[in-house]
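In what follows, a structure is listed as structure tokens, so that the remarks can point back to it.
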Amino acid sequence: MRIPVGRRGDGRPLLTSPWWRGAAAVAAGALPALAFPAPSLWWWAYVALVPWMLLIRTAPTGRRAVLDGWLGGLGFMLAVHHWLMPSLHVFILLLAALLGLLWAPWGPLVRRMLAGTPSRARAAGALVVVPSGWLMVELVRSWEGLGGPWGLLGASQWQVSPALRVASLGGVWLVTLLVVAVNTAVTLLVSVRSLRTTAVAGLAVCAVAIGAAAWWAQAPQPTGHVRVAVVQPGVINGVGGAERRFARGVELTRELAGREDVDLVVWGESSVGADLTARPEYTRRLAALSRDVGAEVLVNVDARRSDRPGIHKSSVLVGPEGTTGDRYDKMRLVPFGEYIPFRSVLGWATSVGKAAAEDRRRGDGPVVMTVGERGLRLGPLVCFESAFPDMSRHLAGEGAQVLVAQSATSTFQDSWAPGQHASLAALRAAETGRPMVHATLTGVSAVYGPDGGRVGSPLGTEASTAAVYEVPLAGGTTPYVRFGDWPVYGALAVLAALGALEGVRAVRRRSAPGTPVPPAHTARGSRVRPGR
């Protein structure tokens, strides 16, 4: 099957032009972004890579496949992170181009497995190899220095119950593998007529795997519930914004007193703009709120610490008598938003966008807090830390019963970012078998149960209110918490086996009888044929 590519004015196919082909690669790479919020076309993820892979498989050379992979990766990063444009301006093009290079090796890998008319064995291998290659790209770009794991393909399935069960087995990584495997099978189905049976068999295997995971992975067993109040003050900017935001948080929390029975009150990221030790009146007001409501209050302080140098973002628990001593300092910072990597080289980014004027300081390690008389174990995360599967997994392994992410996305209020960020909590809940509360200053705030299903109604970006959620608790340990990132190691093993196989084949080709031997060169430059 040939890709319909259209014709130029001279009658030649459009995609024979490097420029047209490059534009097609960028456009094809951007298509998967529609699977994430706000469009949330979860089903689109299972075919979104097909145009990109169809293009790569027709690459005339390995170098062209490298370029198709890079340009498609550029398109993907631009589309998934387009909401950063108002902050980073033209700098986002440079970042997308650099991160897009991660897909450069994936291009020739796709071409190697899918080009021409593959044998049935090679087609079957492609269903494992191509997803493994994609997963390595996701793994590398998940390093926080490269922006973190935002836009992982498996995260597009945050509202699909069977996929969430798969996540409880192998995390978002296993979901990604299955999604890319389906894309690979569909690519074979539409491009190679003789391999349709193999492609359909591959799709059937993926469907059975998802169904088996949904059946075999037991739903978390309920062990009770807690009532958690989420306080979302809404957009408050301008002069005195931090003070007015704090006052609005106090007002909304006080409305809960005598009206709602709660076990914990959660404020969003940067809800307190001053160190509580340096501003004891803040501590007194929060302690009074805790007494009035009958629950401890988890706030987030974005300020210079009085006992340490630099600015920290800290989750601080406040009870009726003041701060309880439980404090978590954010460990993984947002590149350019909270610090500038290699500031001596890239510091100019502050002049072209809203990059951090001063680097925030990192915390020392994760913390599990103990809340209230019932001893609820709480695992706090701050902002985009909820995108990292390993952090929530560690907290669950340390005994956290409830995960909490305190966030603020007001800079991107009218974009896809707030919805995308909130959706990540569903994955983290399903992976760990622990409920997760995603509390923000300006929306979207949401709560998910231990199975990743939504609890109650989310608070949108237009809301300024406090809402109480009946949060189910669960016991037990999911396979993902117990065994960790085993799909990543499996993918590494697949690629290592492919590399070994290709190496053996190369040796055999060189040692095969009748292989032409290149002529030798004498010292004077004349050539001597072997045997003469």
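Labels for the structure tokens follow display order: chains A, B, ..., residues from 1 in each chain, ligands from 1.
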
*Close residues, stretch 151-165 of chain A itself excluded, 6 Å, only C-alpha atoms, min 5 positions apart in chain, as JSON, numbers by chain*: {"A": [35, 36, 42, 172, 175, 176, 214, 426, 427, 430]}

Given the selection you just returned, output its residues as a file containing N, CA, C and O atoms, formatted as an mmCIF file, in the first residue's frame.
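Saved the output as out-v3.cif:
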data_model
loop_
_atom_site.group_PDB
_atom_site.id
_atom_site.type_symbol
_atom_site.label_atom_id
_atom_site.label_comp_id
_atom_site.auth_asym_id
_atom_site.auth_seq_id
_atom_site.Cartn_x
_atom_site.Cartn_y
_atom_site.Cartn_z
ATOM 1 N N ALA A 35 -4.904 13.162 22.109
ATOM 2 C CA ALA A 35 -5.367 12.128 23.036
ATOM 3 C C ALA A 35 -5.363 12.607 24.483
ATOM 4 O O ALA A 35 -6.007 11.996 25.339
ATOM 5 N N PHE A 36 -4.658 13.709 24.756
ATOM 6 C CA PHE A 36 -4.550 14.226 26.119
ATOM 7 C C PHE A 36 -5.599 15.310 26.350
ATOM 8 O O PHE A 36 -6.161 15.865 25.411
ATOM 9 N N TRP A 42 -9.114 9.700 24.116
ATOM 10 C CA TRP A 42 -8.268 8.597 24.557
ATOM 11 C C TRP A 42 -8.124 7.520 23.487
ATOM 12 O O TRP A 42 -7.051 6.919 23.324
ATOM 13 N N VAL A 172 2.545 3.390 34.247
ATOM 14 C CA VAL A 172 2.217 4.027 32.978
ATOM 15 C C VAL A 172 3.077 3.456 31.852
ATOM 16 O O VAL A 172 2.681 3.464 30.682
ATOM 17 N N VAL A 175 1.300 0.629 30.088
ATOM 18 C CA VAL A 175 0.213 1.164 29.260
ATOM 19 C C VAL A 175 0.786 1.717 27.956
ATOM 20 O O VAL A 175 0.241 1.482 26.869
ATOM 21 N N THR A 176 1.891 2.437 28.054
ATOM 22 C CA THR A 176 2.535 2.970 26.847
ATOM 23 C C THR A 176 2.913 1.844 25.887
ATOM 24 O O THR A 176 2.684 1.942 24.671
ATOM 25 N N ALA A 214 -7.192 -6.438 33.296
ATOM 26 C CA ALA A 214 -8.364 -5.887 33.975
ATOM 27 C C ALA A 214 -9.044 -6.941 34.839
ATOM 28 O O ALA A 214 -9.610 -6.631 35.895
ATOM 29 N N ALA A 426 -4.873 10.458 38.390
ATOM 30 C CA ALA A 426 -5.579 9.192 38.181
ATOM 31 C C ALA A 426 -4.593 8.052 37.956
ATOM 32 O O ALA A 426 -4.766 6.945 38.489
ATOM 33 N N LEU A 427 -3.546 8.314 37.168
ATOM 34 C CA LEU A 427 -2.517 7.292 36.936
ATOM 35 C C LEU A 427 -1.778 6.944 38.211
ATOM 36 O O LEU A 427 -1.547 5.760 38.521
ATOM 37 N N ALA A 430 -3.979 4.795 40.471
ATOM 38 C CA ALA A 430 -4.123 3.422 39.991
ATOM 39 C C ALA A 430 -2.831 2.634 40.164
ATOM 40 O O ALA A 430 -2.851 1.438 40.502
#

_Residue list (helix (DSSP H, G or I), DSSP) for stretch 230-469 of chain A, as a PyMOL selection string_ = chain A and resi 241-254+280-293+343-351+383-387+389-397+410-412+417-432

*Can you list, as number ranges by chain, all residues belonging to stretch 181-394 of chain A that DSSP tags as strand (DSSP E)?*
A: 222-232, 264-267, 296-304, 311-319, 322-329, 369-371, 376-382

How would the residues just chosen look if you wrote them out with C-alpha atoms as a PDB file, in the first residue's frame?
ATOM      1  CA  PRO A 222     -11.605  -0.742  50.787  1.00  0.00           C
ATOM      2  CA  THR A 223     -10.510  -0.204  54.379  1.00  0.00           C
ATOM      3  CA  GLY A 224     -12.542   2.878  55.247  1.00  0.00           C
ATOM      4  CA  HIS A 225     -12.659   6.489  54.186  1.00  0.00           C
ATOM      5  CA  VAL A 226     -11.551   9.984  55.150  1.00  0.00           C
ATOM      6  CA  ARG A 227     -13.172  13.327  54.447  1.00  0.00           C
ATOM      7  CA  VAL A 228     -10.779  15.741  52.776  1.00  0.00           C
ATOM      8  CA  ALA A 229     -11.557  19.381  52.032  1.00  0.00           C
ATOM      9  CA  VAL A 230      -9.871  21.022  49.033  1.00  0.00           C
ATOM     10  CA  VAL A 231      -9.597  24.819  49.188  1.00  0.00           C
ATOM     11  CA  GLN A 232      -9.276  26.544  45.806  1.00  0.00           C
ATOM     12  CA  LEU A 264      -7.950  17.112  56.603  1.00  0.00           C
ATOM     13  CA  VAL A 265      -7.948  20.446  54.760  1.00  0.00           C
ATOM     14  CA  VAL A 266      -5.622  20.843  51.757  1.00  0.00           C
ATOM     15  CA  TRP A 267      -4.537  24.133  50.202  1.00  0.00           C
ATOM     16  CA  GLU A 296      -5.257  19.841  60.441  1.00  0.00           C
ATOM     17  CA  VAL A 297      -4.486  22.069  57.460  1.00  0.00           C
ATOM     18  CA  LEU A 298      -1.867  21.189  54.838  1.00  0.00           C
ATOM     19  CA  VAL A 299      -0.595  24.429  53.300  1.00  0.00           C
ATOM     20  CA  ASN A 300       2.214  25.088  50.836  1.00  0.00           C
ATOM     21  CA  VAL A 301       4.793  27.757  51.608  1.00  0.00           C
ATOM     22  CA  ASP A 302       6.696  29.399  48.737  1.00  0.00           C
ATOM     23  CA  ALA A 303       9.239  31.618  50.464  1.00  0.00           C
ATOM     24  CA  ARG A 304      12.746  31.964  51.823  1.00  0.00           C
ATOM     25  CA  ILE A 311      13.659  29.828  48.437  1.00  0.00           C
ATOM     26  CA  HIS A 312      11.885  26.516  49.020  1.00  0.00           C
ATOM     27  CA  LYS A 313       8.445  25.229  48.145  1.00  0.00           C
ATOM     28  CA  SER A 314       7.295  23.336  51.204  1.00  0.00           C
ATOM     29  CA  SER A 315       4.257  21.329  52.241  1.00  0.00           C
ATOM     30  CA  VAL A 316       3.661  22.219  55.897  1.00  0.00           C
ATOM     31  CA  LEU A 317       1.113  20.636  58.221  1.00  0.00           C
ATOM     32  CA  VAL A 318      -0.552  22.970  60.726  1.00  0.00           C
ATOM     33  CA  GLY A 319      -2.631  21.753  63.675  1.00  0.00           C
ATOM     34  CA  GLY A 322       0.601  25.448  65.307  1.00  0.00           C
ATOM     35  CA  THR A 323       2.943  23.662  62.943  1.00  0.00           C
ATOM     36  CA  THR A 324       3.144  19.944  63.723  1.00  0.00           C
ATOM     37  CA  GLY A 325       6.766  19.550  62.636  1.00  0.00           C
ATOM     38  CA  ASP A 326       5.824  17.636  59.486  1.00  0.00           C
ATOM     39  CA  ARG A 327       7.327  19.395  56.489  1.00  0.00           C
ATOM     40  CA  TYR A 328       8.240  18.355  52.962  1.00  0.00           C
ATOM     41  CA  ASP A 329      10.450  20.482  50.701  1.00  0.00           C
ATOM     42  CA  MET A 369       3.308  12.760  57.392  1.00  0.00           C
ATOM     43  CA  THR A 370       1.035  11.614  60.207  1.00  0.00           C
ATOM     44  CA  VAL A 371      -2.286  13.460  60.329  1.00  0.00           C
ATOM     45  CA  LEU A 376      -3.639   8.984  58.780  1.00  0.00           C
ATOM     46  CA  ARG A 377      -0.438   8.539  56.749  1.00  0.00           C
ATOM     47  CA  LEU A 378      -0.095  11.245  54.119  1.00  0.00           C
ATOM     48  CA  GLY A 379       2.343  11.394  51.176  1.00  0.00           C
ATOM     49  CA  PRO A 380       2.758  14.967  49.847  1.00  0.00           C
ATOM     50  CA  LEU A 381       4.030  15.955  46.399  1.00  0.00           C
ATOM     51  CA  VAL A 382       4.352  19.437  44.950  1.00  0.00           C
TER      52      VAL A 382
END

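Taking atom CA of A:Ser290 and atom CA of A:Glu243 as the two end points, the separation is 19.2 Å.
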
With only C-alpha atoms as the counted atoms, please give the residues lying no more than 12 Å from A:Leu498, apart from itself and same-chain residues fewer than 6 positions off, as a PDB file with N, CA, C and O atoms, in the first residue's frame.
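File part_9.pdb, as written:
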ATOM      1  N   LEU A 109      14.801   2.635  13.628  1.00  0.00           N
ATOM      2  CA  LEU A 109      14.297   1.397  14.222  1.00  0.00           C
ATOM      3  C   LEU A 109      12.962   1.011  13.582  1.00  0.00           C
ATOM      4  O   LEU A 109      12.736  -0.158  13.229  1.00  0.00           O
ATOM      5  N   ARG A 112      13.648  -0.139  10.058  1.00  0.00           N
ATOM      6  CA  ARG A 112      14.250  -1.470  10.053  1.00  0.00           C
ATOM      7  C   ARG A 112      13.195  -2.560  10.212  1.00  0.00           C
ATOM      8  O   ARG A 112      13.284  -3.621   9.575  1.00  0.00           O
ATOM      9  N   MET A 113      12.189  -2.308  11.044  1.00  0.00           N
ATOM     10  CA  MET A 113      11.208  -3.347  11.343  1.00  0.00           C
ATOM     11  C   MET A 113      10.013  -3.346  10.396  1.00  0.00           C
ATOM     12  O   MET A 113       9.365  -4.389  10.213  1.00  0.00           O
ATOM     13  N   ARG A 122       9.614 -10.911  11.223  1.00  0.00           N
ATOM     14  CA  ARG A 122       9.998  -9.518  11.478  1.00  0.00           C
ATOM     15  C   ARG A 122       8.790  -8.689  11.885  1.00  0.00           C
ATOM     16  O   ARG A 122       8.893  -7.811  12.755  1.00  0.00           O
ATOM     17  N   GLY A 125       8.065  -9.446  15.416  1.00  0.00           N
ATOM     18  CA  GLY A 125       9.066  -8.785  16.247  1.00  0.00           C
ATOM     19  C   GLY A 125       8.829  -7.296  16.375  1.00  0.00           C
ATOM     20  O   GLY A 125       9.086  -6.700  17.424  1.00  0.00           O
ATOM     21  N   ALA A 126       8.315  -6.684  15.291  1.00  0.00           N
ATOM     22  CA  ALA A 126       8.054  -5.244  15.320  1.00  0.00           C
ATOM     23  C   ALA A 126       7.047  -4.881  16.397  1.00  0.00           C
ATOM     24  O   ALA A 126       7.111  -3.801  16.988  1.00  0.00           O
ATOM     25  N   VAL A 128       6.898  -5.876  19.259  1.00  0.00           N
ATOM     26  CA  VAL A 128       7.591  -5.779  20.544  1.00  0.00           C
ATOM     27  C   VAL A 128       8.713  -4.751  20.483  1.00  0.00           C
ATOM     28  O   VAL A 128       8.907  -3.956  21.408  1.00  0.00           O
ATOM     29  N   VAL A 129       9.438  -4.736  19.367  1.00  0.00           N
ATOM     30  CA  VAL A 129      10.623  -3.883  19.255  1.00  0.00           C
ATOM     31  C   VAL A 129      10.253  -2.406  19.151  1.00  0.00           C
ATOM     32  O   VAL A 129      10.843  -1.550  19.829  1.00  0.00           O
ATOM     33  N   VAL A 130       9.284  -2.076  18.280  1.00  0.00           N
ATOM     34  CA  VAL A 130       8.927  -0.664  18.083  1.00  0.00           C
ATOM     35  C   VAL A 130       8.399  -0.034  19.381  1.00  0.00           C
ATOM     36  O   VAL A 130       8.827   1.068  19.756  1.00  0.00           O
ATOM     37  N   SER A 132       9.157  -0.958  22.384  1.00  0.00           N
ATOM     38  CA  SER A 132      10.298  -0.884  23.309  1.00  0.00           C
ATOM     39  C   SER A 132      11.170   0.324  22.993  1.00  0.00           C
ATOM     40  O   SER A 132      11.656   1.016  23.901  1.00  0.00           O
ATOM     41  N   GLY A 133      11.364   0.592  21.703  1.00  0.00           N
ATOM     42  CA  GLY A 133      12.134   1.776  21.318  1.00  0.00           C
ATOM     43  C   GLY A 133      11.465   3.059  21.751  1.00  0.00           C
ATOM     44  O   GLY A 133      12.115   3.990  22.246  1.00  0.00           O
ATOM     45  N   ALA A 491      11.748  -3.875  28.178  1.00  0.00           N
ATOM     46  CA  ALA A 491      12.012  -3.187  26.906  1.00  0.00           C
ATOM     47  C   ALA A 491      13.510  -3.108  26.633  1.00  0.00           C
ATOM     48  O   ALA A 491      13.960  -3.280  25.491  1.00  0.00           O
ATOM     49  N   LEU A 492      14.296  -2.846  27.664  1.00  0.00           N
ATOM     50  CA  LEU A 492      15.756  -2.821  27.499  1.00  0.00           C
ATOM     51  C   LEU A 492      16.272  -4.180  27.043  1.00  0.00           C
ATOM     52  O   LEU A 492      17.155  -4.269  26.173  1.00  0.00           O
ATOM     53  N   VAL A 504      25.229 -10.571  15.369  1.00  0.00           N
ATOM     54  CA  VAL A 504      25.516 -11.922  14.867  1.00  0.00           C
ATOM     55  C   VAL A 504      25.322 -11.981  13.361  1.00  0.00           C
ATOM     56  O   VAL A 504      26.135 -12.571  12.630  1.00  0.00           O
ATOM     57  N   ARG A 505      24.257 -11.373  12.874  1.00  0.00           N
ATOM     58  CA  ARG A 505      24.016 -11.373  11.434  1.00  0.00           C
ATOM     59  C   ARG A 505      25.127 -10.654  10.678  1.00  0.00           C
ATOM     60  O   ARG A 505      25.533 -11.086   9.600  1.00  0.00           O
TER      61      ARG A 505
END

*Residue among A:Arg509, A:Ser306, A:Glu255, A:Val293 lying closest to A:Ala467, counting only C-alpha atoms*: A:Glu255

*So which residues touch A:Thr198 within 10 Å, counting only C-alpha atoms, skipping near sequence neighbours fewer than 3 positions away, as JSON, numbers by chain?*
{"A": [120, 121, 123, 124, 127, 185, 188, 189, 194, 195, 201, 202, 203, 204]}

*Skipping near chain neighbours, those fewer than 3 positions away, what residues fall within 6 Å of A:Glu269 using only C-alpha atoms, listed as an MDAnalysis selection string?*
chainID A and resid 300 406:408

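With only C-alpha atoms as the basis for measurement, A:Leu54 is the residue among A:Leu54, A:Ala25, A:Ala474, A:Leu252 that approaches A:Arg111 most closely.
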
Near-stretch 62-64 of chain A list (9 Å; only C-alpha atoms; drop same-chain fewer than 4 positions) as a compact mmCIF listing (two decimals) with N, CA and C atoms, in the first residue's frame:
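selection_16.txt, written as the output of this step:
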# COMPACT_ATOMS: atom_id res chain seq x y z
N ILE A 56 7.70 7.03 8.10
CA ILE A 56 9.06 6.56 8.35
C ILE A 56 9.36 5.28 7.56
N ASP A 68 13.17 11.93 9.80
CA ASP A 68 11.73 11.79 10.04
C ASP A 68 11.44 11.59 11.52
N GLY A 69 12.29 10.81 12.18
CA GLY A 69 12.10 10.61 13.62
C GLY A 69 12.30 11.90 14.40
N GLY A 107 13.40 6.51 14.56
CA GLY A 107 13.07 6.51 13.14
C GLY A 107 13.68 5.33 12.40
N PRO A 108 15.00 5.14 12.43
CA PRO A 108 15.58 3.99 11.75
C PRO A 108 15.14 2.65 12.33
N ARG A 111 11.91 1.99 10.63
CA ARG A 111 12.20 1.63 9.24
C ARG A 111 12.77 0.22 9.16
N ARG A 112 13.65 -0.14 10.06
CA ARG A 112 14.25 -1.47 10.05
C ARG A 112 13.20 -2.56 10.21

For the interface of stretch 153-172 of chain A with stretch 393-405 of chain A (cut-off 12 Å, counting only C-alpha atoms), please tabulate each contacting residue of stretch 153-172 of chain A alongside its nearest pair of atoms and their separation in Å to one decimal, rows sorted by chain and increasing number, as a tab-separated table.
residue	atom	partner	partner_atom	distance
A:Ala167	CA	A:Arg393	CA	11.9
A:Ser168	CA	A:Arg393	CA	10.6
A:Gly170	CA	A:Arg393	CA	11.3
A:Gly171	CA	A:Arg393	CA	9.4
A:Val172	CA	A:Arg393	CA	11.8

_Neighbouring residues of A:Tyr46 were defined as those with any atom within 7 Å, considering only C-alpha atoms; residues of the same chain fewer than 2 positions away were excluded. Please report them as a VMD selection string._
chain A and resid 43 to 44 48 179 182 to 183

Would you export the selected residues with all heavy atoms as a short mmCIF file (atom, residue, chain, number, x, y, z; two decimals), in the first residue's frame, please?
data_model
loop_
_atom_site.label_atom_id
_atom_site.label_comp_id
_atom_site.auth_asym_id
_atom_site.auth_seq_id
_atom_site.Cartn_x
_atom_site.Cartn_y
_atom_site.Cartn_z
N TRP A 43 -9.18 7.27 22.73
CA TRP A 43 -9.14 6.24 21.70
C TRP A 43 -8.19 6.60 20.56
O TRP A 43 -7.67 5.73 19.86
CB TRP A 43 -10.54 6.02 21.13
CG TRP A 43 -11.22 7.30 20.72
CD1 TRP A 43 -12.04 8.09 21.48
CD2 TRP A 43 -11.10 7.96 19.45
NE1 TRP A 43 -12.44 9.20 20.79
CE2 TRP A 43 -11.89 9.15 19.53
CE3 TRP A 43 -10.43 7.69 18.26
CZ2 TRP A 43 -11.99 10.04 18.46
CZ3 TRP A 43 -10.54 8.57 17.21
CH2 TRP A 43 -11.32 9.73 17.31
N TRP A 44 -7.97 7.91 20.36
CA TRP A 44 -7.11 8.38 19.29
C TRP A 44 -5.66 7.93 19.51
O TRP A 44 -4.90 7.74 18.55
CB TRP A 44 -7.19 9.90 19.21
CG TRP A 44 -6.29 10.55 18.21
CD1 TRP A 44 -5.24 11.38 18.48
CD2 TRP A 44 -6.33 10.43 16.79
NE1 TRP A 44 -4.63 11.79 17.33
CE2 TRP A 44 -5.29 11.22 16.27
CE3 TRP A 44 -7.15 9.74 15.90
CZ2 TRP A 44 -5.04 11.33 14.91
CZ3 TRP A 44 -6.91 9.85 14.55
CH2 TRP A 44 -5.87 10.64 14.06
N ALA A 48 -2.85 7.18 16.67
CA ALA A 48 -2.25 8.49 16.43
C ALA A 48 -0.84 8.40 15.86
O ALA A 48 -0.39 9.31 15.15
CB ALA A 48 -2.23 9.31 17.73
N VAL A 179 -0.17 0.63 24.07
CA VAL A 179 -0.69 1.62 23.12
C VAL A 179 0.16 1.66 21.85
O VAL A 179 -0.37 1.67 20.73
CB VAL A 179 -0.75 3.02 23.78
CG1 VAL A 179 -1.07 4.09 22.74
CG2 VAL A 179 -1.80 3.04 24.88
N VAL A 182 -0.37 -1.46 19.66
CA VAL A 182 -1.57 -1.37 18.84
C VAL A 182 -1.31 -0.50 17.62
O VAL A 182 -1.71 -0.84 16.49
CB VAL A 182 -2.75 -0.83 19.67
CG1 VAL A 182 -3.95 -0.52 18.77
CG2 VAL A 182 -3.16 -1.83 20.75
N ASN A 183 -0.65 0.63 17.80
CA ASN A 183 -0.30 1.49 16.66
C ASN A 183 0.55 0.74 15.64
O ASN A 183 0.35 0.88 14.42
CB ASN A 183 0.46 2.73 17.15
CG ASN A 183 -0.43 3.84 17.63
OD1 ASN A 183 -0.90 4.67 16.85
ND2 ASN A 183 -0.70 3.86 18.92
#

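Picture a line from atom CA of A:Val47 to atom CA of A:Val140; it runs 23.4 Å.
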
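A straight line drawn from atom CA of A:Pro32 to atom CA of A:Val494 is 24.6 Å long.
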
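Distances to A:Pro220 were evaluated for A:Arg285, A:Arg434, A:Arg510, A:Arg482 using only C-alpha atoms, and the minimum falls at A:Arg434.
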
*Counting only C-alpha atoms, figure out which residue out of A:Ser423, A:Ser415, A:Thr461, A:Thr197 gets nearest to A:Tyr448.*
A:Ser423
